[in-house]
file coords_20.tsv (TSV, C-alpha atoms and all ligand atoms)
chain	number	residue	atom	x	y	z
M	20	MET	CA	122.74	107.43	91.19
M	21	THR	CA	125.23	105.04	92.76
M	22	GLU	CA	126.46	102.32	90.40
M	23	LEU	CA	124.98	98.90	91.23
M	24	LYS	CA	127.80	96.63	92.52
M	25	ASN	CA	125.89	93.35	92.22
M	26	ASP	CA	123.43	93.28	89.33
M	27	LEU	CA	123.17	89.47	89.03
M	28	LEU	CA	119.45	89.51	89.87
M	29	LEU	CA	118.60	92.08	87.19
M	30	ARG	CA	120.69	90.22	84.61
M	31	ALA	CA	119.14	86.83	85.42
M	32	LEU	CA	115.62	88.32	85.26
M	33	MET	CA	116.47	89.50	81.73
M	34	LYS	CA	117.87	86.05	80.87
M	35	GLU	CA	121.35	87.49	80.40
M	36	PRO	CA	124.40	85.33	81.22
M	37	VAL	CA	125.60	85.32	84.85
M	38	PRO	CA	128.53	83.49	86.53
M	39	ARG	CA	126.24	81.90	89.16
M	40	THR	CA	122.52	81.74	90.00
M	41	PRO	CA	121.42	84.77	92.02
M	42	LEU	CA	119.07	84.32	94.97
M	43	TRP	CA	116.72	86.05	97.34
M	44	ILE	CA	114.10	84.56	99.65
M	45	MET	CA	110.40	85.45	99.80
M	46	ARG	CA	109.67	86.92	103.24
M	47	GLN	CA	113.44	87.14	103.90
M	48	ALA	CA	112.76	89.88	106.47
M	49	GLY	CA	110.44	88.40	109.04
M	50	ARG	CA	109.61	86.58	112.20
M	51	TYR	CA	112.19	83.76	111.89
M	52	LEU	CA	114.86	86.41	112.64
M	53	PRO	CA	115.24	87.45	116.32
M	54	GLU	CA	116.47	90.90	115.23
M	55	TYR	CA	113.22	91.38	113.25
M	56	ARG	CA	111.13	90.50	116.30
M	57	ALA	CA	113.13	93.01	118.38
M	58	THR	CA	112.61	95.83	115.84
M	59	ARG	CA	108.89	95.06	115.55
M	60	GLU	CA	108.70	95.28	119.34
M	61	GLN	CA	110.44	98.64	119.20
M	62	ALA	CA	107.92	99.84	116.59
M	63	GLY	CA	105.00	98.61	118.75
M	64	ASP	CA	103.16	96.62	116.09
M	65	PHE	CA	103.43	95.48	112.49
M	66	MET	CA	101.71	98.44	110.80
M	67	SER	CA	103.73	100.96	112.84
M	68	LEU	CA	106.83	99.15	111.58
M	69	CYS	CA	105.61	99.49	107.97
M	70	ARG	CA	104.80	103.18	108.47
M	71	ASN	CA	108.23	104.06	109.94
M	72	PRO	CA	110.72	104.43	107.03
M	73	ASP	CA	113.83	104.09	109.24
M	74	LEU	CA	112.60	100.93	110.97
M	75	ALA	CA	111.22	99.47	107.71
M	76	CYS	CA	114.68	100.10	106.23
M	77	GLU	CA	116.34	98.44	109.23
M	78	VAL	CA	114.33	95.21	108.88
M	79	THR	CA	114.82	95.21	105.09
M	80	LEU	CA	118.61	95.20	105.63
M	81	GLN	CA	118.70	92.63	108.46
M	82	PRO	CA	118.71	89.50	106.27
M	83	LEU	CA	121.45	91.02	104.06
M	84	ARG	CA	123.74	91.35	107.07
M	85	ARG	CA	123.42	87.64	107.77
M	86	TYR	CA	123.37	86.11	104.29
M	87	ALA	CA	124.99	86.65	100.88
M	88	LEU	CA	121.69	87.47	99.15
M	89	ASP	CA	121.51	89.16	95.75
M	90	ALA	CA	118.54	91.46	96.41
M	91	ALA	CA	116.72	93.38	99.11
M	92	ILE	CA	112.92	93.40	99.14
M	93	LEU	CA	111.05	96.38	100.48
M	94	PHE	CA	109.57	95.67	103.90
M	95	SER	CA	105.84	96.35	103.72
M	96	ASP	CA	102.69	94.34	103.09
M	97	ILE	CA	100.36	93.77	100.13
M	98	LEU	CA	97.40	94.94	102.22
M	99	THR	CA	98.60	98.55	102.47
M	100	VAL	CA	96.81	99.10	99.12
M	101	PRO	CA	93.30	98.10	100.31
M	102	ASP	CA	94.05	100.04	103.51
M	103	ALA	CA	94.75	103.13	101.38
M	104	MET	CA	91.43	102.50	99.58
M	105	GLY	CA	89.71	103.14	102.92
M	106	LEU	CA	89.01	99.63	104.28
M	107	GLY	CA	90.83	100.08	107.61
M	108	LEU	CA	93.50	97.36	107.95
M	109	TYR	CA	94.33	96.01	111.40
M	110	PHE	CA	96.05	92.92	112.77
M	111	VAL	CA	94.82	90.56	115.46
M	112	THR	CA	97.68	88.54	116.99
M	113	GLY	CA	97.40	84.91	115.94
M	114	GLU	CA	94.57	85.65	113.46
M	115	GLY	CA	96.40	87.70	110.85
M	116	PRO	CA	95.10	90.68	108.87
M	117	LYS	CA	91.52	92.02	109.15
M	118	PHE	CA	89.53	94.90	107.61
M	119	ARG	CA	87.20	97.09	109.63
M	120	ASP	CA	85.07	97.89	106.54
M	121	PRO	CA	85.15	94.92	104.17
M	122	LEU	CA	83.28	95.21	100.85
M	123	GLN	CA	80.11	93.31	101.69
M	124	THR	CA	77.78	94.54	98.95
M	125	VAL	CA	77.89	95.32	95.24
M	126	ASP	CA	77.13	98.95	96.18
M	127	ALA	CA	80.22	99.08	98.38
M	128	ILE	CA	82.30	98.02	95.34
M	129	ARG	CA	80.56	100.65	93.16
M	130	ASN	CA	81.38	103.33	95.75
M	131	LEU	CA	85.04	102.35	96.15
M	132	ARG	CA	87.44	105.08	95.02
M	133	VAL	CA	90.97	104.95	93.59
M	134	PRO	CA	92.88	106.87	96.28
M	135	ASP	CA	95.57	109.55	96.02
M	136	VAL	CA	98.48	107.14	96.26
M	137	GLU	CA	101.12	109.79	97.10
M	138	LYS	CA	99.01	110.99	100.00
M	139	GLU	CA	97.90	107.64	101.43
M	140	LEU	CA	101.03	105.56	100.74
M	141	GLY	CA	103.77	108.19	100.92
M	142	TYR	CA	105.30	106.28	103.85
M	143	VAL	CA	106.10	103.38	101.50
M	144	PHE	CA	107.88	105.64	98.99
M	145	ASP	CA	109.82	107.25	101.86
M	146	ALA	CA	110.90	103.76	102.94
M	147	VAL	CA	112.01	102.94	99.36
M	148	ARG	CA	114.15	106.11	99.19
M	149	THR	CA	115.67	105.41	102.62
M	150	ILE	CA	116.49	101.80	101.72
M	151	ARG	CA	118.10	102.78	98.39
M	152	ARG	CA	120.29	105.31	100.18
M	153	GLU	CA	121.36	102.80	102.85
M	154	LEU	CA	121.94	99.98	100.34
M	155	ASN	CA	124.46	102.22	98.62
M	156	GLY	CA	124.34	100.12	95.44
M	157	GLU	CA	125.29	96.80	97.11
M	158	VAL	CA	122.31	94.88	95.64
M	159	PRO	CA	119.12	95.89	93.82
M	160	LEU	CA	115.89	96.68	95.69
M	161	ILE	CA	112.71	94.79	94.75
M	162	GLY	CA	109.40	96.61	95.17
M	163	PHE	CA	106.12	94.71	95.31
M	164	ALA	CA	102.34	94.68	95.49
M	165	GLY	CA	99.61	92.07	95.74
M	166	SER	CA	97.60	91.05	92.69
M	167	PRO	CA	94.13	92.63	92.55
M	168	PHE	CA	92.50	89.22	93.05
M	169	THR	CA	94.68	88.33	96.05
M	170	CYS	CA	94.05	91.74	97.64
M	171	GLY	CA	90.38	91.36	96.65
M	172	THR	CA	90.01	88.14	98.68
M	173	TYR	CA	90.96	90.01	101.87
M	174	MET	CA	88.86	93.08	100.90
M	175	VAL	CA	85.71	91.03	100.34
M	176	GLU	CA	86.13	88.28	102.95
M	177	GLY	CA	87.35	90.77	105.58
M	178	GLY	CA	90.49	88.74	106.38
M	179	SER	CA	92.29	85.48	105.61
M	180	SER	CA	90.17	82.75	104.07
M	181	ARG	CA	90.61	79.14	103.00
M	182	GLU	CA	87.50	78.68	100.86
M	183	PHE	CA	86.87	82.26	99.59
M	184	PRO	CA	83.06	81.95	99.78
M	185	THR	CA	82.24	85.64	99.28
M	186	ILE	CA	84.55	86.41	96.37
M	187	LYS	CA	83.67	83.13	94.62
M	188	GLY	CA	80.01	84.04	95.16
M	189	LEU	CA	80.65	87.38	93.43
M	190	ALA	CA	82.44	85.63	90.54
M	191	ALA	CA	79.34	83.45	90.06
M	192	ASP	CA	76.47	85.90	90.79
M	193	ALA	CA	77.81	89.40	90.08
M	194	PRO	CA	80.85	88.99	87.82
M	195	GLU	CA	80.59	92.57	86.51
M	196	ALA	CA	80.94	93.88	90.05
M	197	LEU	CA	84.03	91.72	90.54
M	198	ASP	CA	85.44	93.04	87.22
M	199	GLU	CA	84.91	96.55	88.57
M	200	LEU	CA	86.69	95.73	91.83
M	201	MET	CA	89.62	94.20	89.90
M	202	ASP	CA	89.84	97.33	87.71
M	203	LYS	CA	89.91	99.71	90.65
M	204	VAL	CA	92.55	97.73	92.53
M	205	ALA	CA	94.59	97.33	89.31
M	206	ASP	CA	94.53	101.09	88.68
M	207	THR	CA	95.58	101.83	92.27
M	208	THR	CA	98.31	99.16	92.13
M	209	THR	CA	99.72	100.47	88.84
M	210	GLU	CA	100.12	103.94	90.36
M	211	TYR	CA	101.50	102.43	93.55
M	212	LEU	CA	104.17	100.33	91.78
M	213	ASN	CA	105.12	103.19	89.46
M	214	ALA	CA	105.63	105.43	92.50
M	215	GLN	CA	107.84	102.72	94.07
M	216	ILE	CA	109.86	102.65	90.82
M	217	GLU	CA	110.13	106.46	90.78
M	218	ALA	CA	111.32	106.29	94.40
M	219	GLY	CA	114.02	103.71	93.54
M	220	ALA	CA	112.65	100.15	93.24
M	221	GLN	CA	114.80	98.38	90.59
M	222	ALA	CA	112.51	95.39	89.95
M	223	VAL	CA	108.93	94.67	91.01
M	224	GLN	CA	107.06	91.52	91.95
M	225	ILE	CA	103.29	91.02	92.00
M	226	PHE	CA	102.27	88.43	94.62
M	227	ASP	CA	99.24	86.46	93.43
M	228	THR	CA	98.95	84.05	96.32
M	229	TRP	CA	95.31	83.10	95.76
M	230	GLY	CA	94.57	83.51	92.01
M	231	ALA	CA	94.97	79.79	91.32
M	232	ALA	CA	92.16	79.04	93.80
M	233	LEU	CA	89.86	79.99	90.88
M	234	GLU	CA	88.86	77.72	88.00
M	235	PRO	CA	91.12	78.43	85.00
M	236	ASP	CA	88.56	80.54	83.07
M	237	ASN	CA	87.85	82.66	86.14
M	238	PHE	CA	91.59	82.92	86.86
M	239	ARG	CA	91.98	84.39	83.36
M	240	ARG	CA	89.01	86.76	83.64
M	241	PHE	CA	89.74	88.14	87.12
M	242	SER	CA	93.31	87.52	88.24
M	243	LEU	CA	95.27	87.28	84.99
M	244	ALA	CA	93.42	90.14	83.25
M	245	SER	CA	93.95	92.51	86.18
M	246	MET	CA	97.67	91.64	86.40
M	247	GLN	CA	97.89	92.16	82.62
M	248	LYS	CA	96.41	95.64	83.10
M	249	ILE	CA	99.12	96.43	85.68
M	250	VAL	CA	101.96	95.05	83.51
M	251	ASP	CA	100.72	97.20	80.60
M	252	GLY	CA	100.81	100.34	82.77
M	253	LEU	CA	104.18	99.93	84.49
M	254	ILE	CA	107.30	101.99	83.91
M	255	ARG	CA	109.65	99.46	82.27
M	256	GLU	CA	112.85	101.49	82.03
M	257	LYS	CA	114.52	104.02	84.27
M	258	ASP	CA	117.99	105.61	84.21
M	259	GLY	CA	118.80	103.53	81.11
M	260	ARG	CA	118.00	100.18	82.79
M	261	ARG	CA	115.05	97.88	82.39
M	262	ILE	CA	112.83	97.48	85.45
M	263	PRO	CA	111.98	93.74	85.37
M	264	VAL	CA	108.49	92.62	86.36
M	265	ILE	CA	108.02	89.26	88.15
M	266	LEU	CA	104.57	87.67	88.46
M	267	PHE	CA	104.13	85.02	91.14
M	268	THR	CA	100.89	83.05	91.06
M	269	LYS	CA	101.16	80.33	93.69
M	270	GLY	CA	100.07	76.97	92.32
M	271	ALA	CA	99.89	78.24	88.71
M	272	GLY	CA	100.93	74.92	87.11
M	273	PRO	CA	99.96	74.97	83.40
M	274	LEU	CA	98.64	78.54	83.82
M	275	LEU	CA	102.31	79.57	83.66
M	276	LYS	CA	101.74	79.47	79.87
M	277	ASP	CA	99.14	82.25	80.10
M	278	LEU	CA	101.22	84.22	82.60
M	279	ALA	CA	104.26	84.12	80.26
M	280	ASP	CA	102.20	85.86	77.56
M	281	THR	CA	101.49	88.98	79.68
M	282	GLY	CA	104.76	90.67	78.73
M	283	CYS	CA	106.28	90.20	82.18
M	284	ASP	CA	110.01	89.41	82.43
M	285	ALA	CA	109.90	86.55	84.92
M	286	LEU	CA	107.55	84.16	86.69
M	287	GLY	CA	107.72	82.83	90.22
M	288	VAL	CA	107.12	79.07	90.43
M	289	ASP	CA	106.06	77.14	93.51
M	290	TRP	CA	107.28	73.64	94.38
M	291	THR	CA	104.27	71.81	92.90
M	292	THR	CA	105.70	72.32	89.39
M	293	ASP	CA	109.24	71.16	88.48
M	294	LEU	CA	111.32	73.95	86.98
M	295	GLU	CA	112.08	71.65	84.03
M	296	GLN	CA	108.33	71.40	83.34
M	297	ALA	CA	107.86	75.13	83.97
M	298	ARG	CA	110.54	75.89	81.36
M	299	GLU	CA	108.55	73.84	78.88
M	300	TYR	CA	105.33	75.68	79.73
M	301	VAL	CA	106.90	79.10	79.18
M	302	GLN	CA	109.01	78.07	76.16
M	303	ASP	CA	111.91	80.17	77.47
M	304	LYS	CA	109.89	83.38	76.95
M	305	VAL	CA	110.59	84.54	80.51
M	306	ALA	CA	113.00	83.90	83.38
M	307	LEU	CA	111.89	81.63	86.24
M	308	GLN	CA	112.22	82.15	89.96
M	309	GLY	CA	111.95	79.44	92.59
M	310	ASN	CA	111.12	76.89	93.75
M	311	LEU	CA	112.34	74.88	96.77
M	312	ASP	CA	109.59	73.85	99.22
M	313	PRO	CA	110.03	76.10	102.31
M	314	ALA	CA	109.41	72.97	104.45
M	315	THR	CA	112.88	71.75	103.37
M	316	LEU	CA	114.39	74.40	105.68
M	317	ARG	CA	113.18	72.38	108.69
M	318	GLU	CA	115.45	69.48	107.68
M	319	SER	CA	119.14	68.69	108.22
M	320	PRO	CA	121.94	70.53	106.34
M	321	GLU	CA	122.37	67.45	104.11
M	322	VAL	CA	118.70	67.45	103.11
M	323	ILE	CA	118.77	71.22	102.47
M	324	ARG	CA	121.86	70.83	100.26
M	325	GLU	CA	120.17	68.00	98.34
M	326	GLY	CA	117.12	70.24	97.84
M	327	VAL	CA	119.28	73.04	96.43
M	328	ALA	CA	121.10	70.58	94.13
M	329	ARG	CA	117.78	69.18	92.86
M	330	THR	CA	116.31	72.63	92.22
M	331	LEU	CA	119.37	73.84	90.29
M	332	ALA	CA	119.49	70.61	88.25
M	333	SER	CA	115.78	70.85	87.50
M	334	TYR	CA	116.23	74.28	85.87
M	335	GLY	CA	119.41	72.98	84.22
M	336	ASN	CA	121.93	74.87	82.15
M	337	GLY	CA	121.83	78.44	81.01
M	338	PRO	CA	120.66	81.83	82.17
M	339	GLY	CA	117.20	82.85	83.33
M	340	HIS	CA	117.00	81.23	86.78
M	341	VAL	CA	116.69	83.14	90.06
M	342	PHE	CA	116.88	80.83	93.06
M	343	ASN	CA	114.14	81.30	95.67
M	344	LEU	CA	111.78	79.25	97.78
M	345	GLY	CA	108.42	78.30	96.24
M	346	HIS	CA	106.66	80.50	98.84
M	347	GLY	CA	107.65	82.56	101.89
M	348	ILE	CA	109.99	81.32	104.62
M	349	THR	CA	107.95	80.42	107.72
M	350	PRO	CA	108.46	81.87	111.23
M	351	ASP	CA	109.60	78.54	112.76
M	352	ILE	CA	112.80	78.20	110.69
M	353	ASP	CA	116.24	78.17	112.35
M	354	PRO	CA	118.15	81.09	110.76
M	355	ASP	CA	121.29	78.89	110.45
M	356	ASN	CA	119.40	76.63	108.06
M	357	LEU	CA	118.86	79.50	105.65
M	358	GLY	CA	122.64	80.05	105.80
M	359	VAL	CA	123.14	76.45	104.63
M	360	LEU	CA	120.83	77.08	101.66
M	361	VAL	CA	122.50	80.36	100.65
M	362	ASP	CA	126.00	78.84	100.81
M	363	ALA	CA	124.85	75.83	98.77
M	364	VAL	CA	123.48	78.05	95.98
M	365	HIS	CA	126.77	79.96	95.82
M	366	GLU	CA	128.79	76.74	95.77
M	367	MET	CA	126.70	74.57	93.43
M	368	SER	CA	125.31	76.99	90.86
M	369	PRO	CA	128.39	78.11	88.83
M	370	GLN	CA	128.50	74.74	86.99
M	371	TYR	CA	125.19	75.63	85.30
M	372	HIS	CA	126.64	78.82	83.82
M	373	THR	CA	129.77	77.64	81.99
M	401	LIG	O1	103.67	89.49	112.95
M	401	LIG	C1	104.26	90.12	112.05
M	401	LIG	O2	105.37	90.64	112.19
M	401	LIG	C2	103.52	90.27	110.77
M	401	LIG	C3	103.82	89.18	109.80
M	401	LIG	C4	103.92	89.80	108.43
M	401	LIG	C5	105.11	90.09	107.74
M	401	LIG	C6	106.54	89.86	108.19
M	401	LIG	C7	102.84	90.24	107.63
M	401	LIG	C8	101.39	90.20	107.95
M	401	LIG	N1	103.35	90.78	106.47
M	401	LIG	C9	104.73	90.71	106.50
M	401	LIG	C10	105.66	91.25	105.48
M	401	LIG	C11	105.40	90.91	104.07
M	401	LIG	N2	104.21	90.48	103.53
M	401	LIG	C12	106.34	91.03	103.04
M	401	LIG	C13	107.73	91.63	103.30
M	401	LIG	C14	108.82	91.51	102.39
M	401	LIG	C15	109.60	90.20	102.42
M	401	LIG	O3	110.56	90.09	103.21
M	401	LIG	O4	109.29	89.31	101.60
M	401	LIG	C16	105.71	90.62	101.85
M	401	LIG	C17	106.29	90.51	100.47
M	401	LIG	C18	104.37	90.27	102.18
M	401	LIG	C19	103.37	89.82	101.20
M	401	LIG	C20	102.07	89.28	101.64
M	401	LIG	N3	101.29	89.66	102.69
M	401	LIG	C21	101.36	88.28	100.92
M	401	LIG	C22	101.81	87.68	99.61
M	401	LIG	C23	102.93	86.73	99.75
M	401	LIG	C24	102.66	85.47	100.52
M	401	LIG	O5	103.46	85.18	101.41
M	401	LIG	O6	101.69	84.76	100.17
M	401	LIG	C25	100.15	88.05	101.60
M	401	LIG	C26	99.07	87.04	101.23
M	401	LIG	C27	100.11	88.92	102.72
M	401	LIG	C28	99.00	89.09	103.69
M	401	LIG	C29	99.52	88.92	105.06
M	401	LIG	N4	100.15	89.92	105.77
M	401	LIG	C30	100.60	89.43	106.95
M	401	LIG	C31	100.25	88.05	107.02
M	401	LIG	C32	100.53	87.14	108.16
M	401	LIG	C33	99.59	87.74	105.81
M	401	LIG	C34	99.11	86.38	105.36
M	401	LIG	C35	97.75	86.11	105.89
M	401	LIG	C36	97.17	84.86	105.26
M	401	LIG	O7	97.85	83.80	105.23
M	401	LIG	O8	96.02	84.93	104.79
call {"tool": "encode", "arguments": {"input": "coords_20.tsv", "output": "structure tokens"}}
result
Amino acid sequence: MTELKNDLLLRALMKEPVPRTPLWIMRQAGRYLPEYRATREQAGDFMSLCRNPDLACEVTLQPLRRYALDAAILFSDILTVPDAMGLGLYFVTGEGPKFRDPLQTVDAIRNLRVPDVEKELGYVFDAVRTIRRELNGEVPLIGFAGSPFTCGTYMVEGGSSREFPTIKGLAADAPEALDELMDKVADTTTEYLNAQIEAGAQAVQIFDTWGAALEPDNFRRFSLASMQKIVDGLIREKDGRRIPVILFTKGAGPLLKDLADTGCDALGVDWTTDLEQAREYVQDKVALQGNLDPATLRESPEVIREGVARTLASYGNGPGHVFNLGHGITPDIDPDNLGVLVDAVHEMSPQYHT
């Protein structure tokens, strides 16, 4: 294996000392970049892009050519897992992801099978191997999956949702069926992430975008418990290095306390919780990643720099911070504005690591 030239991300995720705060950006490969839109066009559509290891590698590397980022993140989607479970993922332009066969009954959940991950998702592991080879040790590669609850919302509702009527109905009327769904997706996801790690992912993040839409007790029963099951089943060391696990529940707030007790290495934090407060919640048990509001990137360079300064100051001194946005970068952002943010993190963060 090639020696890693920049391991700042892995060190920060382990709360080891670093000379400056490392950074990557959620959704760093995506529609705000003209070169991404051109490659997607070349692929034909989004899923064809995900299924083509060379083109998925190309879009993974695009943001690294523009910006001094400290990690690459695999280009794929969280919904490849439900797709592999037989639900038939497709995309409608302007409407986002949809499933041809959503899980509309308790029987459909009972009949759901844990798939052969190598067979159904081999294209993802091929992409991971291709990206690792092309990265040539410049920065680490982050693998990822969705949380079972977040994937479950799309599997049950059949697409994006704001109110989650069907899955909340299951939580109220048939909670054992929802437990069973969470278990099956957790088992599939554990195998899926372990196969990404075997293929070369050097850290993994679980995206729990919708878990905090539940009441706290239901968050713990369905979303937290299923992420705990995954954390317990993951490969945590490979080639003599720890494989850090990051959990990102959007809007977690005080639930960060519960998330810190799962045995993960780091937690993503969104902008509705100050990092100073988040540090208190987790009692320095884990590293923290975040948390500038992505809306800041629509503002002037001065406002962006102020946002970076505030975020770094909010975490304060010492190791254990990975700079990121509090959620994904949106398609309307001017790529130059992300450059302002990246330069500001490089310039302003060393003072917190003396
Ligand atoms: O038009 C296009 O090109 C498709 C847009 C797109 C992109 C660029 C989708 C469809 N997925 C992706 C890539 C993607 N999705 C990544 C790539 C790696 C990166 O650079 O970060 C990742 C990590 C995701 C994760 C993802 N997909 C999440 C969790 C994170 C989050 O942002 O909340 C969710 C909820 C999805 C579902 C999904 N896939 C695509 C869209 C537009 C959505 C969101 C739909 C919704 O809001 O309900």
call {"tool": "residues_around", "arguments": {"input": "coords_20.tsv", "residues": "region 56-61 of chain M", "least_positions_apart": "2", "cutoff": "12 Å", "atoms": "all atoms listed in the file", "output": "ChimeraX atom specification"}}
result
/M:48-54,63-71,73-81,94,350
call {"tool": "closest_residue", "arguments": {"input": "coords_20.tsv", "among": "M:Leu140, M:Val223, M:Ile249, M:Leu32", "to": "ligand LIG 401 (chain M)", "atoms": "all atoms listed in the file"}}
result
M:Val223
call {"tool": "residues_near_ligand", "arguments": {"input": "coords_20.tsv", "ligand": "ligand LIG 401 (chain M)", "cutoff": "9 Å", "atoms": "all atoms listed in the file", "output": "PyMOL selection string"}}
result
chain M and resi 44-50+55-56+59+64-66+68-69+78-79+82+91-98+110+112-116+162-166+169-170+173+178-181+224-229+267+269+346-348+350
call {"tool": "closest_residue", "arguments": {"input": "coords_20.tsv", "among": "M:Val125, M:Ala190, M:Val264, M:Leu23", "to": "Ser242 (chain M)", "atoms": "only C-alpha atoms"}}
result
M:Ala190
call {"tool": "closest_residue", "arguments": {"input": "coords_20.tsv", "among": "M:Asp280, M:Glu157, M:Asp192, M:Arg148", "to": "Ala214 (chain M)", "atoms": "only C-alpha atoms"}}
result
M:Arg148
call {"tool": "closest_residue", "arguments": {"input": "coords_20.tsv", "among": "M:Phe168, M:Ala220, M:Leu212, M:Glu195", "to": "Ala244 (chain M)", "atoms": "only C-alpha atoms"}}
result
M:Phe168
call {"tool": "closest_residue", "arguments": {"input": "coords_20.tsv", "among": "M:Gly335, M:Pro235, M:Gly219, M:Pro36", "to": "Leu154 (chain M)", "atoms": "all atoms listed in the file"}}
result
M:Gly219
call {"tool": "atom_distance", "arguments": {"input": "coords_20.tsv", "atom1": "CA of Glu35 (chain M)", "atom2": "CA of Pro338 (chain M)"}}
result
6.0 Å
call {"tool": "closest_residue", "arguments": {"input": "coords_20.tsv", "among": "M:Asp355, M:Asp284, M:Glu217, M:Glu256", "to": "Val341 (chain M)", "atoms": "all atoms listed in the file"}}
result
M:Asp284
call {"tool": "atom_distance", "arguments": {"input": "coords_20.tsv", "atom1": "CA of Pro41 (chain M)", "atom2": "CA of Gly287 (chain M)"}}
result
14.0 Å
call {"tool": "atom_distance", "arguments": {"input": "coords_20.tsv", "atom1": "CA of Met33 (chain M)", "atom2": "CA of Val136 (chain M)"}}
result
29.1 Å
call {"tool": "residues_around", "arguments": {"input": "coords_20.tsv", "residues": "Leu344 (chain M)", "least_positions_apart": "2", "cutoff": "12 Å", "atoms": "all atoms listed in the file", "output": "CSV table (one decimal) with C-alpha atoms, in the frame of the given file"}}
result
chain,number,residue,atom,x,y,z
M,42,LEU,CA,119.1,84.3,95.0
M,43,TRP,CA,116.7,86.0,97.3
M,44,ILE,CA,114.1,84.6,99.6
M,45,MET,CA,110.4,85.4,99.8
M,46,ARG,CA,109.7,86.9,103.2
M,47,GLN,CA,113.4,87.1,103.9
M,267,PHE,CA,104.1,85.0,91.1
M,269,LYS,CA,101.2,80.3,93.7
M,287,GLY,CA,107.7,82.8,90.2
M,288,VAL,CA,107.1,79.1,90.4
M,289,ASP,CA,106.1,77.1,93.5
M,290,TRP,CA,107.3,73.6,94.4
M,291,THR,CA,104.3,71.8,92.9
M,307,LEU,CA,111.9,81.6,86.2
M,308,GLN,CA,112.2,82.2,90.0
M,309,GLY,CA,112.0,79.4,92.6
M,310,ASN,CA,111.1,76.9,93.8
M,311,LEU,CA,112.3,74.9,96.8
M,312,ASP,CA,109.6,73.8,99.2
M,313,PRO,CA,110.0,76.1,102.3
M,314,ALA,CA,109.4,73.0,104.4
M,315,THR,CA,112.9,71.8,103.4
M,316,LEU,CA,114.4,74.4,105.7
M,323,ILE,CA,118.8,71.2,102.5
M,326,GLY,CA,117.1,70.2,97.8
M,327,VAL,CA,119.3,73.0,96.4
M,330,THR,CA,116.3,72.6,92.2
M,331,LEU,CA,119.4,73.8,90.3
M,341,VAL,CA,116.7,83.1,90.1
M,342,PHE,CA,116.9,80.8,93.1
M,346,HIS,CA,106.7,80.5,98.8
M,347,GLY,CA,107.6,82.6,101.9
M,348,ILE,CA,110.0,81.3,104.6
M,349,THR,CA,108.0,80.4,107.7
M,357,LEU,CA,118.9,79.5,105.6
M,360,LEU,CA,120.8,77.1,101.7
M,361,VAL,CA,122.5,80.4,100.6
M,364,VAL,CA,123.5,78.0,96.0
call {"tool": "axis_aligned_box", "arguments": {"input": "coords_20.tsv", "around": "region 70-79 of chain M", "padding_each_side": "5 Å", "output": "lines of an AutoDock Vina configuration file"}}
result
center_x = 110.6
center_y = 99.8
center_z = 108.0
size_x = 21.5
size_y = 19.2
size_z = 15.9
